[in-house]
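Shown next: structure-v3.csv, containing CSV, C-alpha atoms.
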chain,number,residue,atom,x,y,z
A,156,MET,CA,-9.7,3.4,-37.4
A,157,LYS,CA,-6.3,2.9,-39.0
A,158,HIS,CA,-7.5,-0.1,-41.1
A,159,VAL,CA,-10.6,1.9,-42.2
A,160,LYS,CA,-8.3,4.7,-43.4
A,161,GLU,CA,-6.1,2.3,-45.3
A,162,LEU,CA,-9.2,0.7,-46.9
A,163,LEU,CA,-10.5,4.1,-48.1
A,164,GLN,CA,-7.1,5.1,-49.4
A,165,SER,CA,-6.9,1.9,-51.5
A,166,ARG,CA,-10.4,2.4,-52.9
A,167,ILE,CA,-9.6,6.0,-53.9
A,168,GLU,CA,-6.4,4.8,-55.7
A,169,GLU,CA,-8.4,2.3,-57.8
A,170,VAL,CA,-10.3,5.2,-59.5
A,171,ASP,CA,-8.6,5.8,-62.8
A,172,ASP,CA,-10.1,9.2,-63.6
A,173,PRO,CA,-7.9,11.8,-61.7
A,174,ILE,CA,-10.8,14.3,-61.5
A,175,GLN,CA,-13.2,11.7,-60.0
A,176,ARG,CA,-10.4,10.7,-57.6
A,177,VAL,CA,-10.0,14.3,-56.3
A,178,LEU,CA,-13.8,14.7,-56.0
A,179,LEU,CA,-14.1,11.4,-54.1
A,180,ARG,CA,-11.3,12.3,-51.8
A,181,ASP,CA,-12.8,15.7,-51.0
A,182,VAL,CA,-16.2,14.2,-50.3
A,183,LEU,CA,-14.8,11.5,-48.0
A,184,VAL,CA,-12.8,14.2,-46.1
A,185,ASP,CA,-15.8,16.4,-45.6
A,186,VAL,CA,-18.1,13.5,-44.6
A,187,PHE,CA,-15.7,11.9,-42.2
A,188,GLY,CA,-14.6,15.3,-40.9
A,189,GLU,CA,-18.2,16.1,-39.9
A,190,LEU,CA,-18.7,12.6,-38.4
A,191,LEU,CA,-15.5,13.1,-36.4
A,192,LYS,CA,-16.6,16.5,-35.2
A,193,TYR,CA,-20.1,15.2,-34.3
A,194,SER,CA,-18.5,12.2,-32.4
A,195,GLU,CA,-16.2,14.5,-30.4
A,196,GLU,CA,-19.1,16.8,-29.4
A,197,ARG,CA,-21.2,13.9,-28.3
A,198,PHE,CA,-18.3,12.4,-26.3
A,199,SER,CA,-17.6,15.7,-24.7
A,200,GLY,CA,-21.3,16.0,-23.7
A,201,LEU,CA,-21.2,12.5,-22.2
A,202,GLU,CA,-18.0,13.4,-20.2
A,203,GLU,CA,-19.8,16.5,-18.8
A,204,LYS,CA,-22.8,14.4,-17.8
A,205,LEU,CA,-20.6,11.8,-16.1
A,206,ASP,CA,-18.7,14.5,-14.3
A,207,GLY,CA,-21.9,16.1,-13.1
A,208,GLU,CA,-23.1,12.7,-11.7
A,209,LEU,CA,-19.7,11.9,-10.1
A,210,CYS,CA,-19.0,15.2,-8.5
A,211,ASP,CA,-19.8,15.7,-4.8
A,212,PRO,CA,-21.8,18.8,-4.2
A,213,SER,CA,-20.1,19.1,-0.8
A,214,GLU,CA,-16.6,19.0,-2.3
A,215,ARG,CA,-15.9,22.7,-1.7
A,216,TYR,CA,-17.1,22.5,1.9
A,217,TYR,CA,-14.9,19.7,3.3
A,218,ILE,CA,-13.2,20.7,6.6
A,219,TYR,CA,-9.6,19.7,7.2
A,220,THR,CA,-8.3,20.0,10.8
A,221,GLY,CA,-4.9,19.6,12.4
A,222,ILE,CA,-2.8,20.6,15.4
A,223,CYS,CA,0.6,22.2,15.5
A,224,ARG,CA,2.9,24.2,17.8
A,225,LYS,CA,1.9,27.9,18.2
A,226,ASP,CA,5.1,28.9,16.4
A,227,GLY,CA,4.9,26.1,13.8
A,228,LEU,CA,2.1,27.5,11.7
A,229,ASP,CA,3.0,28.6,8.1
A,230,GLU,CA,1.8,32.2,8.2
A,231,THR,CA,1.8,32.4,4.4
A,232,SER,CA,-0.3,29.3,4.0
A,233,ARG,CA,-3.3,29.4,1.7
A,234,CYS,CA,-4.8,26.3,3.2
A,235,LEU,CA,-4.5,26.1,7.0
A,236,PHE,CA,-5.3,28.8,9.5
A,237,ARG,CA,-5.8,29.2,13.3
A,238,MET,CA,-9.2,28.0,14.5
A,239,GLN,CA,-9.3,30.6,17.2
A,240,GLU,CA,-7.8,34.0,16.9
A,241,GLY,CA,-6.3,35.4,20.1
A,242,GLU,CA,-6.9,34.1,23.6
A,243,LYS,CA,-10.3,34.9,25.1
A,244,TRP,CA,-10.7,33.1,28.4
A,245,GLU,CA,-13.9,33.0,30.4
A,246,GLU,CA,-13.9,34.0,34.0
A,247,GLY,CA,-12.3,31.2,36.0
A,248,ILE,CA,-10.4,29.7,33.1
A,249,LEU,CA,-6.6,29.8,33.7
A,250,GLY,CA,-5.6,28.4,30.3
A,251,THR,CA,-5.8,25.5,27.9
A,252,LEU,CA,-3.7,22.4,27.5
A,253,PHE,CA,-3.4,19.4,25.2
A,254,LEU,CA,-3.4,16.0,26.8
A,255,GLU,CA,-1.8,13.4,24.6
A,256,CYS,CA,-3.8,10.5,25.9
A,257,ASP,CA,-6.6,8.3,24.6
A,258,TYR,CA,-10.3,9.0,25.2
A,259,PRO,CA,-10.9,6.7,28.2
A,260,THR,CA,-7.9,8.3,30.1
A,261,ILE,CA,-9.1,11.8,29.3
A,262,ARG,CA,-12.6,10.9,30.5
A,263,GLN,CA,-11.1,9.9,33.9
A,264,CYS,CA,-9.2,13.2,34.0
A,265,LEU,CA,-12.4,15.2,33.5
A,266,GLN,CA,-13.9,13.6,36.6
A,267,ARG,CA,-11.0,14.5,38.9
A,268,MET,CA,-9.6,17.6,40.6
A,269,TYR,CA,-5.9,18.5,40.8
A,270,GLN,CA,-3.7,20.7,42.9
A,271,ALA,CA,-1.9,23.4,40.9
A,272,LYS,CA,0.6,26.1,41.5
A,273,VAL,CA,-0.2,29.3,39.5
A,274,GLU,CA,2.3,32.1,38.9
A,275,THR,CA,0.7,35.5,38.1
A,276,ASP,CA,1.8,39.1,37.9
A,277,LYS,CA,0.5,39.5,41.5
A,278,GLY,CA,2.4,36.5,43.0
A,279,GLU,CA,2.2,32.7,43.3
A,280,TYR,CA,-0.9,30.8,44.4
A,281,VAL,CA,-1.8,27.2,45.2
A,282,THR,CA,-5.3,26.3,44.1
A,283,THR,CA,-7.5,23.4,43.0
A,284,VAL,CA,-8.4,23.0,39.3
A,285,SER,CA,-10.5,20.8,37.1
A,286,LEU,CA,-10.5,20.0,33.4
A,287,ARG,CA,-13.2,20.3,30.7
A,288,TYR,CA,-13.4,20.3,27.0
A,289,CYS,CA,-12.3,23.7,25.6
A,290,SER,CA,-15.4,25.8,25.5
A,291,ALA,CA,-14.0,28.3,23.0
A,292,TYR,CA,-13.4,25.6,20.3
A,293,LEU,CA,-16.8,24.0,21.0
A,294,GLU,CA,-18.4,27.4,20.5
A,295,THR,CA,-16.5,27.9,17.3
A,296,LEU,CA,-17.9,24.7,15.9
A,297,GLU,CA,-21.4,25.6,17.0
A,298,ARG,CA,-21.2,29.0,15.3
A,299,LEU,CA,-20.0,27.3,12.1
A,300,TYR,CA,-23.0,24.9,12.3
A,301,HIS,CA,-25.4,27.8,12.4
A,302,GLN,CA,-23.6,29.5,9.5
A,303,PHE,CA,-24.1,26.3,7.3
A,304,LEU,CA,-27.8,26.3,8.1
A,305,ALA,CA,-28.2,30.0,7.4
A,306,ASN,CA,-26.4,29.6,4.0
A,307,GLN,CA,-28.7,26.7,3.0
A,308,LYS,CA,-25.7,24.3,2.8
A,309,GLN,CA,-25.8,20.7,4.1
A,310,TRP,CA,-24.0,20.4,7.4
A,311,HIS,CA,-21.6,17.6,8.1
A,312,THR,CA,-20.0,16.9,11.4
A,313,ILE,CA,-16.3,17.7,11.6
A,314,ASN,CA,-13.6,15.0,12.0
A,315,CYS,CA,-11.5,16.9,14.5
A,316,PRO,CA,-10.2,14.3,17.0
A,317,PHE,CA,-7.7,16.8,18.4
A,318,LEU,CA,-10.6,18.9,19.7
A,319,TYR,CA,-11.3,16.5,22.5
A,320,LYS,CA,-7.7,16.6,23.7
A,321,MET,CA,-7.8,20.4,24.1
A,322,LEU,CA,-8.9,21.0,27.7
A,323,ASP,CA,-9.7,24.2,29.7
A,324,ILE,CA,-8.1,24.5,33.1
A,325,VAL,CA,-10.9,25.7,35.4
A,326,ASN,CA,-10.0,27.3,38.7
A,327,ILE,CA,-12.1,25.8,41.5
A,328,GLY,CA,-10.6,27.8,44.4
A,329,ASP,CA,-11.0,31.5,45.0
A,330,VAL,CA,-7.5,32.4,46.1
A,331,ILE,CA,-6.4,33.9,42.7
A,332,PRO,CA,-7.4,37.6,42.2
A,333,GLU,CA,-9.8,38.0,39.2
A,334,ASP,CA,-7.6,40.7,37.7
A,335,ALA,CA,-4.4,38.7,37.9
A,336,ALA,CA,-2.6,37.7,34.7
A,337,VAL,CA,-1.6,34.1,34.6
A,338,GLN,CA,2.0,33.6,33.6
A,339,LYS,CA,2.7,29.9,34.4
A,340,ILE,CA,0.7,26.9,35.7
A,341,GLU,CA,2.1,23.7,37.2
A,342,ILE,CA,-0.5,20.9,37.7
A,343,ALA,CA,0.2,17.8,39.7
A,344,PHE,CA,-0.8,15.2,37.0
A,345,GLY,CA,1.5,12.5,38.4
A,346,GLU,CA,2.3,9.8,35.9
A,347,LEU,CA,0.4,11.8,33.1
A,348,SER,CA,2.7,14.8,33.4
A,349,GLY,CA,4.7,13.6,30.4
A,350,PHE,CA,1.7,13.7,28.1
A,351,VAL,CA,0.8,17.4,28.8
A,352,ARG,CA,1.4,20.1,26.1
A,353,ASN,CA,0.6,23.7,26.6
A,354,ASP,CA,2.1,25.1,23.3
A,355,LEU,CA,-0.4,23.7,20.8
A,356,GLU,CA,-3.3,25.1,18.9
A,357,LEU,CA,-5.9,23.8,16.5
A,358,ILE,CA,-5.9,24.8,12.8
A,359,TRP,CA,-8.3,24.2,9.9
A,360,ASN,CA,-8.9,25.4,6.3
A,361,ILE,CA,-11.4,28.1,7.2
A,362,GLN,CA,-10.5,31.8,7.1
A,363,GLU,CA,-12.8,34.7,7.9
A,364,ASP,CA,-12.4,38.0,6.0
A,365,LEU,CA,-14.2,41.1,4.8
A,366,TYR,CA,-15.2,41.3,1.1
A,367,LYS,CA,-16.5,44.3,-0.9
A,368,THR,CA,-20.1,44.2,-2.1
A,369,SER,CA,-22.2,46.0,-4.7
A,370,VAL,CA,-25.6,46.7,-3.2
A,371,GLU,CA,-29.0,47.2,-4.9
A,372,MET,CA,-32.6,47.5,-3.6
A,373,GLU,CA,-34.9,44.6,-4.6
A,374,ALA,CA,-38.6,44.0,-3.9
A,375,ALA,CA,-39.5,41.0,-1.8
A,376,GLY,CA,-43.3,40.8,-1.5
A,377,LYS,CA,-44.5,43.9,0.3
A,378,THR,CA,-41.1,44.8,1.6
A,379,SER,CA,-37.7,45.7,0.1
A,380,VAL,CA,-34.4,44.0,0.7
A,381,PHE,CA,-30.7,44.9,0.2
A,382,ALA,CA,-29.2,42.6,-2.4
A,383,HIS,CA,-25.4,42.3,-2.0
A,384,ARG,CA,-23.4,40.9,-4.9
A,385,ILE,CA,-20.0,39.6,-3.8
A,386,LEU,CA,-17.4,38.5,-6.4
A,387,LEU,CA,-15.5,35.5,-5.1
A,388,PRO,CA,-11.7,35.5,-5.8
A,389,ASP,CA,-11.1,31.8,-5.2
A,390,ALA,CA,-13.1,29.6,-7.6
A,391,ASP,CA,-12.0,26.4,-5.8
A,392,ALA,CA,-13.1,27.5,-2.3
A,393,GLY,CA,-16.4,27.3,-0.6
A,394,TYR,CA,-17.9,30.4,1.0
A,395,LEU,CA,-20.4,31.1,3.8
A,396,ALA,CA,-21.9,34.6,4.3
A,397,VAL,CA,-21.8,36.0,7.9
A,398,PRO,CA,-23.7,39.3,7.9
A,399,GLU,CA,-23.7,40.9,11.3
A,400,ASN,CA,-26.8,42.1,13.1
A,401,GLU,CA,-29.1,40.1,10.8
A,402,ASP,CA,-31.5,37.6,12.3
A,403,GLY,CA,-32.4,36.1,8.9
A,404,PHE,CA,-30.9,36.5,5.4
A,405,THR,CA,-30.9,34.7,2.1
A,406,VAL,CA,-27.9,33.5,0.2
A,407,ILE,CA,-27.8,32.6,-3.5
A,408,HIS,CA,-24.7,30.7,-4.6
A,409,LEU,CA,-23.7,31.5,-8.2
A,410,ASP,CA,-20.6,30.5,-10.2
A,411,GLY,CA,-17.9,32.8,-8.9
A,412,ALA,CA,-20.3,35.0,-6.9
A,413,LEU,CA,-22.6,35.2,-3.9
A,414,ILE,CA,-25.9,37.2,-3.7
A,415,VAL,CA,-26.8,37.9,-0.1
A,416,ARG,CA,-30.2,39.5,0.7
A,417,THR,CA,-30.6,41.3,4.0
A,418,GLU,CA,-33.4,43.3,5.5
A,419,LYS,CA,-31.9,45.5,8.2
A,420,GLU,CA,-29.1,47.3,6.5
A,421,ALA,CA,-26.8,47.5,3.5
A,422,TYR,CA,-23.1,46.5,3.9
A,423,LYS,CA,-20.3,48.0,1.9
A,424,LYS,CA,-18.2,45.1,3.1
A,425,MET,CA,-19.5,41.8,4.3
A,426,LYS,CA,-17.8,39.1,6.4
A,427,LEU,CA,-17.4,35.7,4.7
A,428,GLU,CA,-16.0,32.4,5.8
A,429,ARG,CA,-13.7,31.0,3.1
A,430,ILE,CA,-13.3,27.2,3.2
A,431,ALA,CA,-10.0,26.8,1.3
A,432,ARG,CA,-9.2,23.8,-1.0
A,433,MET,CA,-6.5,21.7,0.7
A,434,THR,CA,-3.2,21.5,-1.1
A,435,GLU,CA,-0.8,19.9,1.3
A,436,GLY,CA,2.2,20.3,-1.0
A,437,LYS,CA,2.0,24.1,-0.8
A,438,ASP,CA,1.7,24.3,3.0
A,439,TYR,CA,4.7,24.2,5.3
A,440,THR,CA,2.9,24.0,8.7
A,441,ALA,CA,4.7,21.6,11.1
A,442,LEU,CA,1.8,19.2,11.9
A,443,LEU,CA,2.2,17.0,15.0
A,444,PHE,CA,-0.2,14.4,13.6
A,445,PRO,CA,-1.6,13.6,10.2
A,446,ILE,CA,-4.3,16.1,9.0
A,447,GLN,CA,-7.9,14.8,9.3
A,448,SER,CA,-11.0,15.6,7.2
A,449,ASN,CA,-14.7,14.7,6.9
A,450,GLN,CA,-14.2,14.0,3.2
A,451,ARG,CA,-16.4,11.4,1.4
A,452,VAL,CA,-15.7,9.4,-1.7
A,453,MET,CA,-19.1,9.3,-3.5
A,454,ARG,CA,-19.3,6.0,-5.3
A,455,HIS,CA,-22.1,4.9,-7.6
A,456,ALA,CA,-24.0,3.1,-4.8
A,457,ASP,CA,-23.7,6.2,-2.6
A,458,ARG,CA,-25.2,8.5,-5.3
A,459,GLN,CA,-28.0,6.0,-5.9
A,460,ALA,CA,-28.7,5.9,-2.1
A,461,LEU,CA,-29.1,9.7,-2.0
A,462,CYS,CA,-31.9,9.4,-4.5
A,463,GLN,CA,-33.9,7.0,-2.3
A,464,PRO,CA,-36.8,8.3,-0.2
A,465,CYS,CA,-35.5,6.4,2.9
A,466,PHE,CA,-32.6,4.2,3.9
A,467,LEU,CA,-32.9,0.5,4.9
A,468,TRP,CA,-30.4,0.4,7.7
A,469,THR,CA,-29.2,-3.2,7.2
A,470,ARG,CA,-25.7,-4.3,8.2
A,471,GLY,CA,-24.6,-4.0,4.6
A,472,GLU,CA,-26.1,-0.6,4.1
A,473,ILE,CA,-24.4,0.8,7.3
A,474,GLU,CA,-21.1,-0.6,6.2
A,475,ARG,CA,-21.6,1.0,2.7
A,476,PHE,CA,-22.4,4.4,4.4
A,477,LEU,CA,-19.4,4.4,6.8
A,478,SER,CA,-16.9,3.1,4.2
A,479,SER,CA,-17.6,6.1,1.9
A,480,TYR,CA,-15.7,8.3,4.4
A,481,GLU,CA,-11.9,8.4,4.0
A,482,VAL,CA,-11.3,8.0,7.7
A,483,PHE,CA,-13.0,4.6,7.7
A,484,GLU,CA,-9.9,3.2,6.1
A,485,GLU,CA,-8.5,3.1,9.6
A,486,PHE,CA,-11.2,0.7,10.9
A,487,GLU,CA,-12.6,-2.7,10.2
A,488,PHE,CA,-16.4,-3.1,10.3
A,489,VAL,CA,-17.4,-5.9,12.8
A,490,ASP,CA,-21.1,-5.8,13.3
A,491,ILE,CA,-24.1,-3.8,14.6
A,492,CYS,CA,-26.2,-4.7,17.7
A,493,GLU,CA,-29.4,-3.5,19.3
A,494,ASN,CA,-29.7,-2.2,22.9
A,495,PRO,CA,-25.9,-2.0,23.6
A,496,SER,CA,-24.9,-2.3,27.3
A,497,ALA,CA,-24.5,0.8,29.4
A,498,GLU,CA,-20.8,0.0,29.8
A,499,ALA,CA,-20.1,0.9,26.2
A,500,GLU,CA,-17.8,3.9,25.9
A,501,ARG,CA,-19.6,7.0,24.6
A,502,ILE,CA,-18.8,10.6,23.8
A,503,ASP,CA,-21.2,13.6,23.3
A,504,MET,CA,-20.0,14.8,19.9
A,505,ASN,CA,-21.4,18.2,18.7
A,506,PRO,CA,-24.0,18.5,21.5
A,507,PHE,CA,-25.5,21.6,19.9
A,508,ILE,CA,-27.0,19.4,17.0
A,509,LYS,CA,-30.7,18.8,17.6
A,510,THR,CA,-33.2,17.0,15.5
A,511,HIS,CA,-37.0,17.5,15.4
A,512,SER,CA,-37.5,14.0,16.7
A,513,PHE,CA,-35.5,14.2,19.9
A,514,LEU,CA,-38.7,13.8,22.0
A,515,GLN,CA,-39.5,10.5,20.4
A,516,LYS,CA,-38.4,7.2,21.9
A,517,LYS,CA,-35.8,5.7,19.7
A,518,ARG,CA,-34.3,2.2,19.4
A,519,LYS,CA,-30.7,2.2,20.7
A,520,MET,CA,-28.2,0.8,18.2
A,521,ALA,CA,-24.5,0.4,18.3
A,522,VAL,CA,-21.9,0.1,15.5
A,523,ILE,CA,-19.0,-2.2,16.5
A,524,LEU,CA,-15.7,-1.4,14.8
A,525,HIS,CA,-12.1,-2.6,15.1
A,526,ALA,CA,-9.3,0.0,15.0
A,527,LYS,CA,-6.5,-1.2,12.8
A,528,ASP,CA,-4.0,0.7,14.9
A,529,GLY,CA,-4.7,-0.1,18.5
A,530,ALA,CA,-2.2,2.5,19.7
A,531,ASP,CA,-3.8,5.4,17.9
A,532,ILE,CA,-4.9,7.8,20.7
A,533,PHE,CA,-7.5,9.4,18.4
A,534,ARG,CA,-9.3,6.1,17.5
A,535,TYR,CA,-12.3,6.8,19.7
A,536,GLU,CA,-12.9,10.3,18.4
A,537,LYS,CA,-12.6,9.2,14.8
A,538,MET,CA,-15.1,6.4,15.4
A,539,PHE,CA,-17.6,8.8,17.0
A,540,PHE,CA,-17.2,11.2,14.0
A,541,LEU,CA,-18.5,8.3,11.8
A,542,VAL,CA,-21.3,7.6,14.3
A,543,SER,CA,-22.3,11.3,14.3
A,544,GLU,CA,-22.6,11.3,10.6
A,545,LEU,CA,-24.7,8.2,10.8
A,546,GLN,CA,-26.9,9.8,13.4
A,547,LEU,CA,-27.6,12.8,11.2
A,548,CYS,CA,-29.1,10.5,8.6
A,549,THR,CA,-31.1,8.5,11.0
A,550,GLU,CA,-34.3,9.6,12.8
A,551,GLU,CA,-35.6,6.3,14.1
A,552,TYR,CA,-32.4,5.1,15.9
A,553,GLU,CA,-30.1,6.4,18.5
A,554,TRP,CA,-26.6,5.3,17.6
A,555,THR,CA,-23.4,4.8,19.6
A,556,GLY,CA,-20.0,3.2,18.8
A,557,ILE,CA,-18.1,0.4,20.3
A,558,LEU,CA,-14.4,-0.5,19.7
A,559,LYS,CA,-13.4,-4.1,19.7
Would you write out, as structure tokens, the structure that this file holds?
Amino acid sequence: MKHVKELLQSRIEEVDDPIQRVLLRDVLVDVFGELLKYSEERFSGLEEKLDGELCDPSERYYIYTGICRKDGLDETSRCLFRMQEGEKWEEGILGTLFLECDYPTIRQCLQRMYQAKVETDKGEYVTTVSLRYCSAYLETLERLYHQFLANQKQWHTINCPFLYKMLDIVNIGDVIPEDAAVQKIEIAFGELSGFVRNDLELIWNIQEDLYKTSVEMEAAGKTSVFAHRILLPDADAGYLAVPENEDGFTVIHLDGALIVRTEKEAYKKMKLERIARMTEGKDYTALLFPIQSNQRVMRHADRQALCQPCFLWTRGEIERFLSSYEVFEEFEFVDICENPSAEAERIDMNPFIKTHSFLQKKRKMAVILHAKDGADIFRYEKMFFLVSELQLCTEEYEWTGILK
């Protein structure tokens, strides 16, 4: 561009008539000015087109999870919040603990019973207890799954390896009065006692709150519906509507607003789930382990695959699919195999997810991975997150995972 400018300047200087020189200079400035403007507009349009092709439609709905001490959460955080508000125990549940062991060890613990000494406001008792995955957290994930479906948003499983270390303490005996308030529990874990923590809780980037609405009546076929328009204060966050007492509702996602149509009643305020954008530098929560997410990096091949009517589940295609997730960086892809042995370690991730083909007989397949960090106590749960995502895209196979 510089050489062209110098060439034009030399040609203008060769014109002897000063009037013609001025006219020629003005013409060239106008012509090249319009060409430059046109070029910038076309380039800007190309940038917008590429951004639209590169962006991930699920970007605002990525879930980040972590675990911290109950007193280690940054209460002013805009990113991370408690997954469960308060403590709502079912009958027979004495409390919840975190067991800092790997998956095979925890599976053995779930199959055993332990002696425990329980201190309550009515005295001390010796009883028998067992462990199970924390039902309150599992129910929270199930509720979120239904909210995604109701809001017409694609559901992805959540990479929350900490969830399967959070265990309910279930009272097997009947010596403790039902109205007794538990103050302290001592369980005879033996050599595992040093791995037990009872001061931790799960956190994620989802916060539930009430938002003001403006309501109008609209016709919907032969009936009328209440159309709620909700202005969204955070342009970078994802939102899910959670209207109470509504069996079915419709959500329209606009730029900076939601329109929620309900049939039963009009709401002056409506409950929304806000999925905050994760900005780690602005959060001061004292995390015990690195934060995890279900984030994908949509490459050109991944976007092309989404446009295909069906997937060809070859070895290379499976590796491409799994490697699009950030968490896959912690693994090496080994192979796939058909009809894995019954001895392969398995975990029932998100048992509330059902597909319309669950009655069909499926071919059993296994993904074989190698964890780069063999001492990572979350390696099994991270692997089965990847397997769960693969299962959601596959109707003809039943997948499991094997670590080598």
_Quick one: residues within 10 Å of range 323-336 of chain A, all atoms listed in the file, excluding same-chain residues fewer than 6 positions away - as a PyMOL selection string?_
chain A and resi 244-253+268-271+273-291+342
Okay, now the selection with C-alpha atoms, as a compact mmCIF listing (two decimals), keeping the file's coordinate frame?
# COMPACT_ATOMS: atom_id res chain seq x y z
CA TRP A 244 -10.70 33.10 28.40
CA GLU A 245 -13.90 33.00 30.40
CA GLU A 246 -13.90 34.00 34.00
CA GLY A 247 -12.30 31.20 36.00
CA ILE A 248 -10.40 29.70 33.10
CA LEU A 249 -6.60 29.80 33.70
CA GLY A 250 -5.60 28.40 30.30
CA THR A 251 -5.80 25.50 27.90
CA LEU A 252 -3.70 22.40 27.50
CA PHE A 253 -3.40 19.40 25.20
CA MET A 268 -9.60 17.60 40.60
CA TYR A 269 -5.90 18.50 40.80
CA GLN A 270 -3.70 20.70 42.90
CA ALA A 271 -1.90 23.40 40.90
CA VAL A 273 -0.20 29.30 39.50
CA GLU A 274 2.30 32.10 38.90
CA THR A 275 0.70 35.50 38.10
CA ASP A 276 1.80 39.10 37.90
CA LYS A 277 0.50 39.50 41.50
CA GLY A 278 2.40 36.50 43.00
CA GLU A 279 2.20 32.70 43.30
CA TYR A 280 -0.90 30.80 44.40
CA VAL A 281 -1.80 27.20 45.20
CA THR A 282 -5.30 26.30 44.10
CA THR A 283 -7.50 23.40 43.00
CA VAL A 284 -8.40 23.00 39.30
CA SER A 285 -10.50 20.80 37.10
CA LEU A 286 -10.50 20.00 33.40
CA ARG A 287 -13.20 20.30 30.70
CA TYR A 288 -13.40 20.30 27.00
CA CYS A 289 -12.30 23.70 25.60
CA SER A 290 -15.40 25.80 25.50
CA ALA A 291 -14.00 28.30 23.00
CA ILE A 342 -0.50 20.90 37.70
- request: Find the residues around range 518-526 of chain A up to 9 Å (all atoms listed in the file counted), leave out those fewer than 5 positions away in its own chain, and share them as a PyMOL selection string.
  value: chain A and resi 473+485-495+531+534-535+538+542+551-559
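The residue set within 6 Å of range 389-402 of chain A, counting only C-alpha atoms and dropping same-chain residues fewer than 2 places from it, reads A:Arg215, A:Tyr216, A:Leu387, A:Gly411, A:Lys426, A:Leu427, A:Glu428, A:Arg429, A:Ile430, A:Ala431, A:Arg432.
Using all atoms listed in the file, the set of residues no farther than 12 Å from the position (-27.8, 19.7, 4.1) comprises Pro212, Ser213, Tyr216, Tyr300, His301, Gln302, Phe303, Leu304, Ala305, Asn306, Gln307, Lys308, Gln309, Trp310, His311, Thr312, Leu461, Glu544, Leu547 and Cys548 of chain A.
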The distance between CA of Phe344 in chain A and CA of Met321 in chain A is 15.6 Å
